[in-house]
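For reference, the structure discussed in these notes is given below.
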Amino acid sequence: MLEVKDIHTYYGLSHVLFGVSIRLKQGEAVCLLGRNGVGKTTTLKSIVGLTPPQSGQILYRGQDISKMPTRKMVAQGIRFVPDDRRIFADLTVRENLEVAQAGVPARGSWTLERVYELFPVLKKYGNRRGGNLSGGEQQMLSIARALLGDPRLLILDEPTEGLAPLIVKELEEQILKLKASGISILLAEQNLKSALTLADRCYILEKGRVQFTGTVEELQENEEVRRKYLSV
């Protein structure tokens with residue numbers, strides 16, 4: 001589904017990513033782990049073309065998308081949900097969802113009704129302005145908007161950040177349902193517990209480099225790696 005090969009990304013003259021390589025299979029969930037500032041978000045933004053890498057290669061379903069404009073990636077079935085959610089605060093929940101549908105070719109699988117089945121709270125608060133939703137509800141709305149584009153690859157940046165434990169648990173259940181539906185998921189997380197719940201495999205980043213690659217089970221068994229790269 002996705003293969004990132006040896007990418008190097010810069011912010012101006014600052015070298016941020018140093019030869020990052022990751023891969024994601026069809027229907028798999030992969031998590032990027034690490035402390036703040038290690039390059040997780042930059043890796044995601046590099047993949048979707050918001051901070052294009054200066055070197056390296058990004059393949060999506062066998063096609064080189066390293067220099068593809070972000071808008072064209074959307075047409076290929078890639079959806080990115082940023083950590084700041086970017087909903088329209090002055091629009092209602094229903095209007096936010098309708099905007100997400102506008103101009104998107106219907107491939108058929110994700111409709112408003114199916115989104116409401118996954119996130120019932122969005123139907124309940126359909127007439128509430130986006131800015132009046134809780135953090136967890138805004139996150140659900142942000143993911144719902146992405147789903148209406150019928151993604152093959154869903155990229156989530158810190159989906160559980162700042163959410164109450166009960167909301168985190170609910171969101172985890174919903175993301176697992178998305179994975180079970182066949183959507184490939186790449187997410188960045190600081191929450192190790194959520195990562196172990198959601199992911200099949202993990203990559204740990206430190207100072208812009210991949211320091212660990214392995215299955216969730218391998219990470220659970222490796223206390224030294226967890227202590228070295230994930231402990232606060």
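Ordering of the structure tokens sets the chain letters (A, B, ...), residue numbers begin anew at 1 in every chain, and ligands are numbered from 1 in the order given.
For A:Glu3, the non-local neighbours within 9 Å, defined as residues at least 4 positions apart in the same chain or in other chains and counting only C-alpha atoms, are Ser21, Ile22, Arg23, Leu24, Lys25, Gln57, Ile58, Leu59, Tyr60, Arg61 and Gly62 of chain A.
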Legend entry - Shell of 12 Å around A:Ser134, only C-alpha atoms, local chain residues under 2 positions omitted, as a PyMOL selection string: chain A and resi 89+121-122+125+128-132+136-141+162-164+167
Legend entry - Contacts of A:Ile65 within 12 Å, only C-alpha atoms, excl. fewer than 3 positions in-chain, as a PyMOL selection string: chain A and resi 2-5+46-49+52-53+56-62+68-74+76+78
Same residues, C-alpha atoms, saved as a compact mmCIF listing (two decimals), in the first residue's frame:
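Resulting contents of selection.txt:
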# COMPACT_ATOMS: atom_id res chain seq x y z
CA LEU A 2 2.69 2.51 1.05
CA GLU A 3 6.47 2.40 1.01
CA VAL A 4 8.64 5.28 2.16
CA LYS A 5 12.27 4.87 1.12
CA SER A 46 6.27 14.50 3.93
CA ILE A 47 4.14 11.59 2.76
CA VAL A 48 1.17 13.80 1.84
CA GLY A 49 3.28 16.49 0.21
CA PRO A 52 8.00 17.35 0.49
CA PRO A 53 11.26 15.47 1.10
CA GLY A 56 14.18 9.64 -1.17
CA GLN A 57 11.07 8.04 -2.62
CA ILE A 58 7.44 7.55 -1.59
CA LEU A 59 5.46 4.81 -3.31
CA TYR A 60 1.69 4.45 -2.98
CA ARG A 61 0.22 1.30 -4.50
CA GLY A 62 3.36 1.02 -6.59
CA MET A 68 2.71 14.58 -6.58
CA PRO A 69 0.63 17.61 -5.45
CA THR A 70 -1.43 16.94 -2.33
CA ARG A 71 -4.73 17.53 -4.16
CA LYS A 72 -3.90 14.70 -6.56
CA MET A 73 -3.10 12.37 -3.66
CA VAL A 74 -6.61 13.02 -2.37
CA GLN A 76 -5.93 8.64 -5.29
CA ILE A 78 -5.22 9.23 0.55
Inset, instruction - Please identify all polymer residues within 6 Å of A:Ala29, counting only C-alpha atoms, omitting same-chain residues fewer than 6 positions from it, and present them as a ChimeraX atom specification. - result: /A:184-186,199-200
Legend entry - Test item, strand (DSSP E or B) assignment across stretch 5-228 of chain A, answer as a VMD selection string: chain A and resid 5 to 11 14 to 24 29 to 33 55 to 60 63 to 64 78 to 81 92 129 153 to 157 184 to 189 201 to 206 209 to 215
Quick one: which stretch 15-125 of chain A residues come within 6 Å of stretch 203-209 of chain A, and what is the nearest atom pair for each with the distance in Å to one decimal, counting only C-alpha atoms, rows ordered by chain and ascending number, as CSV?
residue,atom,partner,partner_atom,distance
A:Val16,CA,A:Gly208,CA,5.6
A:Leu17,CA,A:Gly208,CA,4.3
A:Phe18,CA,A:Arg209,CA,5.5
A:Val20,CA,A:Arg209,CA,5.9
A:Leu32,CA,A:Tyr203,CA,4.9
A:Leu33,CA,A:Ile204,CA,4.7
A:Gly34,CA,A:Leu205,CA,5.3
A:Val38,CA,A:Lys207,CA,4.8
A:Gly39,CA,A:Gly208,CA,5.0
With N, CA and C atoms retained, export the selected residues as a JSON list (two decimals), in the first residue's frame.
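Result saved to out02.json:
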[["chain", "number", "residue", "atom", "x", "y", "z"],
["A", 16, "VAL", "N", 15.59, 17.71, 9.14],
["A", 16, "VAL", "CA", 14.68, 17.19, 10.16],
["A", 16, "VAL", "C", 14.55, 15.67, 10.10],
["A", 17, "LEU", "N", 14.41, 15.11, 8.92],
["A", 17, "LEU", "CA", 14.32, 13.65, 8.75],
["A", 17, "LEU", "C", 15.58, 13.13, 8.07],
["A", 18, "PHE", "N", 16.14, 12.06, 8.62],
["A", 18, "PHE", "CA", 17.41, 11.53, 8.14],
["A", 18, "PHE", "C", 17.22, 10.08, 7.67],
["A", 20, "VAL", "N", 14.47, 8.30, 6.64],
["A", 20, "VAL", "CA", 13.34, 7.56, 7.21],
["A", 20, "VAL", "C", 12.76, 6.62, 6.16],
["A", 32, "LEU", "N", 3.60, 5.34, 14.15],
["A", 32, "LEU", "CA", 4.87, 6.02, 14.40],
["A", 32, "LEU", "C", 4.86, 6.49, 15.85],
["A", 33, "LEU", "N", 5.83, 6.07, 16.61],
["A", 33, "LEU", "CA", 5.91, 6.41, 18.03],
["A", 33, "LEU", "C", 7.14, 7.25, 18.30],
["A", 34, "GLY", "N", 7.09, 7.98, 19.41],
["A", 34, "GLY", "CA", 8.25, 8.77, 19.82],
["A", 34, "GLY", "C", 7.80, 9.98, 20.60],
["A", 38, "VAL", "N", 10.31, 14.54, 17.51],
["A", 38, "VAL", "CA", 11.26, 13.55, 16.95],
["A", 38, "VAL", "C", 11.08, 13.35, 15.45],
["A", 39, "GLY", "N", 10.01, 13.92, 14.87],
["A", 39, "GLY", "CA", 9.83, 13.81, 13.43],
["A", 39, "GLY", "C", 8.60, 13.05, 12.98]]
Inset, instruction - One decimal, Å: what's the distance from atom CA of A:Leu171 over to atom CA of A:Phe119, could you say? - result: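 So the answer is 9.2 Å.
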Legend entry - Nearest residue to A:Phe212 from the set A:Leu153, A:Thr197, A:Ala146, A:Leu230 (distances using only C-alpha atoms): A:Leu230
Inset, instruction - For A:Asp83, work out the shell of residues within 12 Å, counting only C-alpha atoms and skipping chain neighbours fewer than 5 positions away, then give it as a list in words. - result: Lys40, Thr41, Thr42, Leu44, Lys45, Gly135, Gly136, Gln138, Gln139, Ser142, Ile143, Ile155, Leu156, Asp157, Glu158, Pro159, Thr160, Glu161, Gly162, Leu163, Leu187, Ala188, Glu189 and Gln190 of chain A
Please save N, CA and C atoms of the selected residues as a PDB file, in the first residue's frame.
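See part05.pdb below for the written result:
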ATOM      1  N   LYS A  40       7.705  12.708  13.903  1.00  0.00           N
ATOM      2  CA  LYS A  40       6.516  11.930  13.519  1.00  0.00           C
ATOM      3  C   LYS A  40       5.614  12.724  12.564  1.00  0.00           C
ATOM      4  N   THR A  41       5.245  13.935  12.993  1.00  0.00           N
ATOM      5  CA  THR A  41       4.363  14.749  12.162  1.00  0.00           C
ATOM      6  C   THR A  41       5.036  15.113  10.844  1.00  0.00           C
ATOM      7  N   THR A  42       6.322  15.419  10.885  1.00  0.00           N
ATOM      8  CA  THR A  42       7.040  15.747   9.652  1.00  0.00           C
ATOM      9  C   THR A  42       7.029  14.575   8.682  1.00  0.00           C
ATOM     10  N   LEU A  44       4.651  12.302   8.407  1.00  0.00           N
ATOM     11  CA  LEU A  44       3.308  12.261   7.813  1.00  0.00           C
ATOM     12  C   LEU A  44       3.133  13.368   6.780  1.00  0.00           C
ATOM     13  N   LYS A  45       3.583  14.574   7.105  1.00  0.00           N
ATOM     14  CA  LYS A  45       3.454  15.690   6.169  1.00  0.00           C
ATOM     15  C   LYS A  45       4.322  15.488   4.927  1.00  0.00           C
ATOM     16  N   GLY A 135     -13.472  18.209  22.414  1.00  0.00           N
ATOM     17  CA  GLY A 135     -12.299  17.788  21.657  1.00  0.00           C
ATOM     18  C   GLY A 135     -12.490  16.431  21.001  1.00  0.00           C
ATOM     19  N   GLY A 136     -13.079  15.496  21.735  1.00  0.00           N
ATOM     20  CA  GLY A 136     -13.305  14.163  21.182  1.00  0.00           C
ATOM     21  C   GLY A 136     -14.299  14.181  20.039  1.00  0.00           C
ATOM     22  N   GLN A 138     -14.888  16.746  18.073  1.00  0.00           N
ATOM     23  CA  GLN A 138     -14.208  17.369  16.935  1.00  0.00           C
ATOM     24  C   GLN A 138     -13.309  16.367  16.222  1.00  0.00           C
ATOM     25  N   GLN A 139     -12.646  15.512  16.988  1.00  0.00           N
ATOM     26  CA  GLN A 139     -11.795  14.500  16.363  1.00  0.00           C
ATOM     27  C   GLN A 139     -12.630  13.540  15.535  1.00  0.00           C
ATOM     28  N   SER A 142     -13.619  15.251  12.368  1.00  0.00           N
ATOM     29  CA  SER A 142     -12.491  15.347  11.445  1.00  0.00           C
ATOM     30  C   SER A 142     -12.256  14.025  10.710  1.00  0.00           C
ATOM     31  N   ILE A 143     -12.338  12.924  11.441  1.00  0.00           N
ATOM     32  CA  ILE A 143     -12.173  11.606  10.807  1.00  0.00           C
ATOM     33  C   ILE A 143     -13.340  11.319   9.875  1.00  0.00           C
ATOM     34  N   ILE A 155      -4.481   8.572   7.157  1.00  0.00           N
ATOM     35  CA  ILE A 155      -3.314   8.989   7.926  1.00  0.00           C
ATOM     36  C   ILE A 155      -3.768   9.894   9.060  1.00  0.00           C
ATOM     37  N   LEU A 156      -3.491   9.495  10.290  1.00  0.00           N
ATOM     38  CA  LEU A 156      -3.976  10.203  11.484  1.00  0.00           C
ATOM     39  C   LEU A 156      -2.794  10.709  12.308  1.00  0.00           C
ATOM     40  N   ASP A 157      -2.799  12.004  12.596  1.00  0.00           N
ATOM     41  CA  ASP A 157      -1.729  12.586  13.407  1.00  0.00           C
ATOM     42  C   ASP A 157      -2.230  12.818  14.825  1.00  0.00           C
ATOM     43  N   GLU A 158      -1.700  12.043  15.767  1.00  0.00           N
ATOM     44  CA  GLU A 158      -2.030  12.154  17.199  1.00  0.00           C
ATOM     45  C   GLU A 158      -3.547  12.167  17.443  1.00  0.00           C
ATOM     46  N   PRO A 159      -4.276  11.140  17.015  1.00  0.00           N
ATOM     47  CA  PRO A 159      -5.735  11.168  17.138  1.00  0.00           C
ATOM     48  C   PRO A 159      -6.256  11.197  18.564  1.00  0.00           C
ATOM     49  N   THR A 160      -5.488  10.690  19.540  1.00  0.00           N
ATOM     50  CA  THR A 160      -5.997  10.647  20.922  1.00  0.00           C
ATOM     51  C   THR A 160      -5.451  11.770  21.795  1.00  0.00           C
ATOM     52  N   GLU A 161      -4.656  12.660  21.219  1.00  0.00           N
ATOM     53  CA  GLU A 161      -4.006  13.694  22.025  1.00  0.00           C
ATOM     54  C   GLU A 161      -5.020  14.591  22.724  1.00  0.00           C
ATOM     55  N   GLY A 162      -4.862  14.751  24.038  1.00  0.00           N
ATOM     56  CA  GLY A 162      -5.677  15.672  24.812  1.00  0.00           C
ATOM     57  C   GLY A 162      -7.086  15.196  25.117  1.00  0.00           C
ATOM     58  N   LEU A 163      -7.389  13.940  24.813  1.00  0.00           N
ATOM     59  CA  LEU A 163      -8.750  13.441  25.021  1.00  0.00           C
ATOM     60  C   LEU A 163      -8.852  12.679  26.346  1.00  0.00           C
ATOM     61  N   LEU A 187      -0.698   6.014  11.602  1.00  0.00           N
ATOM     62  CA  LEU A 187      -0.933   7.037  12.611  1.00  0.00           C
ATOM     63  C   LEU A 187       0.328   7.341  13.389  1.00  0.00           C
ATOM     64  N   ALA A 188       0.399   8.566  13.841  1.00  0.00           N
ATOM     65  CA  ALA A 188       1.450   8.977  14.767  1.00  0.00           C
ATOM     66  C   ALA A 188       0.831   9.097  16.141  1.00  0.00           C
ATOM     67  N   GLU A 189       1.530   8.605  17.148  1.00  0.00           N
ATOM     68  CA  GLU A 189       0.996   8.622  18.519  1.00  0.00           C
ATOM     69  C   GLU A 189       2.115   8.792  19.534  1.00  0.00           C
ATOM     70  N   GLN A 190       1.777   9.448  20.639  1.00  0.00           N
ATOM     71  CA  GLN A 190       2.632   9.419  21.823  1.00  0.00           C
ATOM     72  C   GLN A 190       2.087   8.443  22.854  1.00  0.00           C
TER      73      GLN A 190
END
Inset, instruction - Could you tell me, as a ChimeraX atom specification, which residues of stretch 24-213 of chain A DSSP assigns to helix (DSSP H, G or I) when given the backbone? - result: /A:40-47,70-75,93-101,112-118,120-124,130-132,135-147,165-180,192-198
